[in-house]
$ cat final-v2.cif   # mmCIF, C-alpha atoms and all ligand atoms; chains and numbers go by the auth columns
data_start
#
loop_
_atom_site.group_PDB
_atom_site.id
_atom_site.type_symbol
_atom_site.label_atom_id
_atom_site.label_comp_id
_atom_site.label_asym_id
_atom_site.label_seq_id
_atom_site.Cartn_x
_atom_site.Cartn_y
_atom_site.Cartn_z
_atom_site.B_iso_or_equiv
_atom_site.auth_seq_id
_atom_site.auth_asym_id
ATOM 1 C CA MET A 1 128.028 93.537 89.371 0.00 1212 A
ATOM 2 C CA GLY A 2 127.379 97.273 89.423 0.00 1213 A
ATOM 3 C CA LEU A 3 125.742 98.788 92.447 0.00 1214 A
ATOM 4 C CA LEU A 4 122.541 99.645 90.579 0.00 1215 A
ATOM 5 C CA SER A 5 121.986 96.154 89.264 0.00 1216 A
ATOM 6 C CA GLU A 6 122.766 94.777 92.695 0.00 1217 A
ATOM 7 C CA LEU A 7 120.196 97.110 94.241 0.00 1218 A
ATOM 8 C CA ALA A 8 117.625 96.176 91.596 0.00 1219 A
ATOM 9 C CA ALA A 9 118.206 92.481 92.253 0.00 1220 A
ATOM 10 C CA ASP A 10 117.890 93.028 95.993 0.00 1221 A
ATOM 11 C CA ALA A 11 114.617 94.932 95.598 0.00 1222 A
ATOM 12 C CA GLU A 12 112.966 92.143 93.612 0.00 1223 A
ATOM 13 C CA PRO A 13 110.181 90.331 95.414 0.00 1224 A
ATOM 14 C CA LYS A 14 111.514 87.158 96.984 0.00 1225 A
ATOM 15 C CA GLY A 15 108.332 85.754 98.448 0.00 1226 A
ATOM 16 C CA PRO A 16 107.361 85.729 102.091 0.00 1227 A
ATOM 17 C CA CYS A 17 109.775 85.848 105.012 0.00 1228 A
ATOM 18 C CA VAL A 18 110.060 82.943 107.436 0.00 1229 A
ATOM 19 C CA SER A 19 107.195 84.355 109.509 0.00 1230 A
ATOM 20 C CA GLY A 20 105.090 84.931 106.425 0.00 1231 A
ATOM 21 C CA ARG A 21 105.659 81.332 105.418 0.00 1232 A
ATOM 22 C CA TRP A 22 104.498 80.228 108.859 0.00 1233 A
ATOM 23 C CA PHE A 23 101.297 82.263 108.510 0.00 1234 A
ATOM 24 C CA ASP A 24 100.814 80.839 105.019 0.00 1235 A
ATOM 25 C CA SER A 25 101.199 77.315 106.371 0.00 1236 A
ATOM 26 C CA LEU A 26 98.273 77.680 108.775 0.00 1237 A
ATOM 27 C CA PRO A 27 94.828 76.316 108.014 0.00 1238 A
ATOM 28 C CA ASP A 28 92.611 79.166 106.809 0.00 1239 A
ATOM 29 C CA ALA A 29 90.598 79.325 110.042 0.00 1240 A
ATOM 30 C CA ASP A 30 93.723 79.469 112.210 0.00 1241 A
ATOM 31 C CA ARG A 31 95.332 82.121 110.010 0.00 1242 A
ATOM 32 C CA ALA A 32 92.169 84.213 110.210 0.00 1243 A
ATOM 33 C CA ASP A 33 92.222 83.914 114.000 0.00 1244 A
ATOM 34 C CA ALA A 34 95.892 84.946 114.152 0.00 1245 A
ATOM 35 C CA LEU A 35 95.375 87.924 111.862 0.00 1246 A
ATOM 36 C CA ALA A 36 92.271 89.008 113.780 0.00 1247 A
ATOM 37 C CA TRP A 37 94.292 88.795 116.999 0.00 1248 A
ATOM 38 C CA LEU A 38 96.894 91.147 115.529 0.00 1249 A
ATOM 39 C CA ALA A 39 94.283 93.446 114.006 0.00 1250 A
ATOM 40 C CA ASP A 40 92.717 93.814 117.453 0.00 1251 A
ATOM 41 C CA GLY A 41 96.070 94.983 118.803 0.00 1252 A
ATOM 42 C CA ARG A 42 96.327 92.067 121.234 0.00 1253 A
ATOM 43 C CA ALA A 43 99.587 90.739 122.693 0.00 1254 A
ATOM 44 C CA LYS A 44 102.030 89.652 120.012 0.00 1255 A
ATOM 45 C CA SER A 45 104.055 87.792 122.631 0.00 1256 A
ATOM 46 C CA ALA A 46 101.059 85.520 123.239 0.00 1257 A
ATOM 47 C CA LEU A 47 100.699 84.897 119.522 0.00 1258 A
ATOM 48 C CA LEU A 48 104.411 84.115 119.304 0.00 1259 A
ATOM 49 C CA ARG A 49 104.125 81.551 122.116 0.00 1260 A
ATOM 50 C CA VAL A 50 101.231 79.877 120.341 0.00 1261 A
ATOM 51 C CA ALA A 51 103.123 80.045 117.044 0.00 1262 A
ATOM 52 C CA ARG A 52 106.030 78.198 118.659 0.00 1263 A
ATOM 53 C CA ASN A 53 103.588 75.469 119.674 0.00 1264 A
ATOM 54 C CA HIS A 54 102.515 75.276 116.040 0.00 1265 A
ATOM 55 C CA GLY A 55 105.786 74.879 114.252 0.00 1266 A
ATOM 56 C CA TYR A 56 107.269 78.392 114.213 0.00 1267 A
ATOM 57 C CA THR A 57 110.994 77.971 114.889 0.00 1268 A
ATOM 58 C CA ALA A 58 112.590 81.240 113.755 0.00 1269 A
ATOM 59 C CA SER A 59 113.528 84.177 115.969 0.00 1270 A
ATOM 60 C CA SER A 60 111.129 86.368 117.899 0.00 1271 A
ATOM 61 C CA SER A 61 112.568 89.449 116.184 0.00 1272 A
ATOM 62 C CA MET A 62 111.703 87.974 112.774 0.00 1273 A
ATOM 63 C CA PHE A 63 108.196 87.264 114.022 0.00 1274 A
ATOM 64 C CA TYR A 64 107.671 90.785 115.347 0.00 1275 A
ATOM 65 C CA ALA A 65 109.222 92.351 112.237 0.00 1276 A
ATOM 66 C CA HIS A 66 106.673 90.519 110.126 0.00 1277 A
ATOM 67 C CA THR A 67 103.757 91.680 112.264 0.00 1278 A
ATOM 68 C CA VAL A 68 104.741 95.323 111.766 0.00 1279 A
ATOM 69 C CA GLY A 69 105.473 94.945 108.062 0.00 1280 A
ATOM 70 C CA ASN A 70 109.237 95.323 108.448 0.00 1281 A
ATOM 71 C CA CYS A 71 110.109 92.245 106.405 0.00 1282 A
ATOM 72 C CA ILE A 72 110.466 91.138 102.795 0.00 1283 A
ATOM 73 C CA CYS A 73 106.909 89.869 102.445 0.00 1284 A
ATOM 74 C CA PRO A 74 104.979 91.230 99.470 0.00 1285 A
ATOM 75 C CA ARG A 75 102.474 93.726 100.872 0.00 1286 A
ATOM 76 C CA LYS A 76 98.840 93.607 99.870 0.00 1287 A
ATOM 77 C CA ASP A 77 97.814 97.256 100.267 0.00 1288 A
HETATM 78 ZN ZN ZN B . 107.042 88.734 106.518 0.00 1301 B
#

$ encode --input "final-v2.cif" --output "structure tokens"
Amino acid sequence: MGLLSELAADAEPKGPCVSGRWFDSLPDADRADALAWLADGRAKSALLRVARNHGYTASSSMFYAHTVGNCICPRKD
């Protein structure tokens, strides 16, 4: 595979990251609460602890990367 086609394949949307999938799995009311918490600039570490109580099992760095938009999730600008 040439480099350009490999780059093009890598840049294709692949759906949400593991953290995005966790957010997507939440009931609407809980997801709204979590997103409001982040939008208010409140402690992400607290949200991560709660997320772990609600089925989030991936790494903290993946969680934080998602909250700052540094992940593969499609962005809704
Ligand atoms: Zn993500």

$ residues_around --input "final-v2.cif" --residues "region 1232-1238 of chain A" --least-positions-apart "3" --cutoff "12 Å" --atoms "only C-alpha atoms" --output "MDAnalysis selection string"
chainID A and resid 1225:1229 1241:1246 1258:1259 1261:1269 1273:1274 1277:1278 1282:1285

$ atom_distance --input "final-v2.cif" --atom1 "CA of Pro1224 (chain A)" --atom2 "CA of Ser1272 (chain A)"
20.9 Å

$ atom_distance --input "final-v2.cif" --atom1 "CA of Leu1218 (chain A)" --atom2 "CA of Ser1271 (chain A)"
27.5 Å

$ atom_distance --input "final-v2.cif" --atom1 "CA of Arg1286 (chain A)" --atom2 "CA of Glu1217 (chain A)"
21.9 Å

$ closest_residue --input "final-v2.cif" --among "A:Leu1249, A:Asp1221, A:Arg1260, A:Gly1231" --to "ligand ZN 1301 (chain B)" --atoms "all atoms listed in the file"
A:Gly1231

$ closest_residue --input "final-v2.cif" --among "A:Arg1253, A:Ala1222, A:Ser1230, A:Gly1213" --to "ligand ZN 1301 (chain B)" --atoms "only C-alpha atoms and all ligand atoms"
A:Ser1230

$ axis_aligned_box --input "final-v2.cif" --around "region 1277-1280 of chain A" --padding-each-side "6 Å" --output "JSON"
{"center_x": 105.2, "center_y": 92.9, "center_z": 110.2, "size_x": 14.9, "size_y": 16.8, "size_z": 16.2}

$ decode --input "final-v2.cif" --residues "region 1225-1260 of chain A" --atoms "C-alpha atoms" --output "CSV table (one decimal), in the first residue's frame"
chain,number,residue,atom,x,y,z
A,1225,LYS,CA,-13.8,5.2,12.4
A,1226,GLY,CA,-16.6,6.0,14.8
A,1227,PRO,CA,-16.2,7.0,18.4
A,1228,CYS,CA,-13.2,6.1,20.6
A,1229,VAL,CA,-13.6,3.9,23.7
A,1230,SER,CA,-14.5,7.0,25.8
A,1231,GLY,CA,-16.9,8.2,23.2
A,1232,ARG,CA,-18.6,4.8,23.2
A,1233,TRP,CA,-19.0,5.0,26.9
A,1234,PHE,CA,-20.6,8.5,26.7
A,1235,ASP,CA,-22.9,7.1,23.9
A,1236,SER,CA,-23.9,4.2,26.1
A,1237,LEU,CA,-25.2,6.5,28.9
A,1238,PRO,CA,-28.9,7.2,29.3
A,1239,ASP,CA,-29.7,10.6,27.8
A,1240,ALA,CA,-30.1,12.3,31.2
A,1241,ASP,CA,-26.8,11.0,32.5
A,1242,ARG,CA,-24.9,11.9,29.3
A,1243,ALA,CA,-26.4,15.4,29.6
A,1244,ASP,CA,-25.2,15.7,33.2
A,1245,ALA,CA,-21.7,14.5,32.3
A,1246,LEU,CA,-21.4,16.9,29.4
A,1247,ALA,CA,-22.7,19.8,31.5
A,1248,TRP,CA,-20.1,18.9,34.1
A,1249,LEU,CA,-17.3,19.1,31.5
A,1250,ALA,CA,-18.8,22.3,30.0
A,1251,ASP,CA,-18.7,23.9,33.4
A,1252,GLY,CA,-15.0,23.1,33.6
A,1253,ARG,CA,-15.4,20.9,36.7
A,1254,ALA,CA,-13.0,18.2,37.8
A,1255,LYS,CA,-12.5,15.6,35.1
A,1256,SER,CA,-10.9,13.3,37.7
A,1257,ALA,CA,-14.3,13.2,39.5
A,1258,LEU,CA,-16.1,12.4,36.3
A,1259,LEU,CA,-13.6,9.6,35.6
A,1260,ARG,CA,-14.2,8.1,39.0
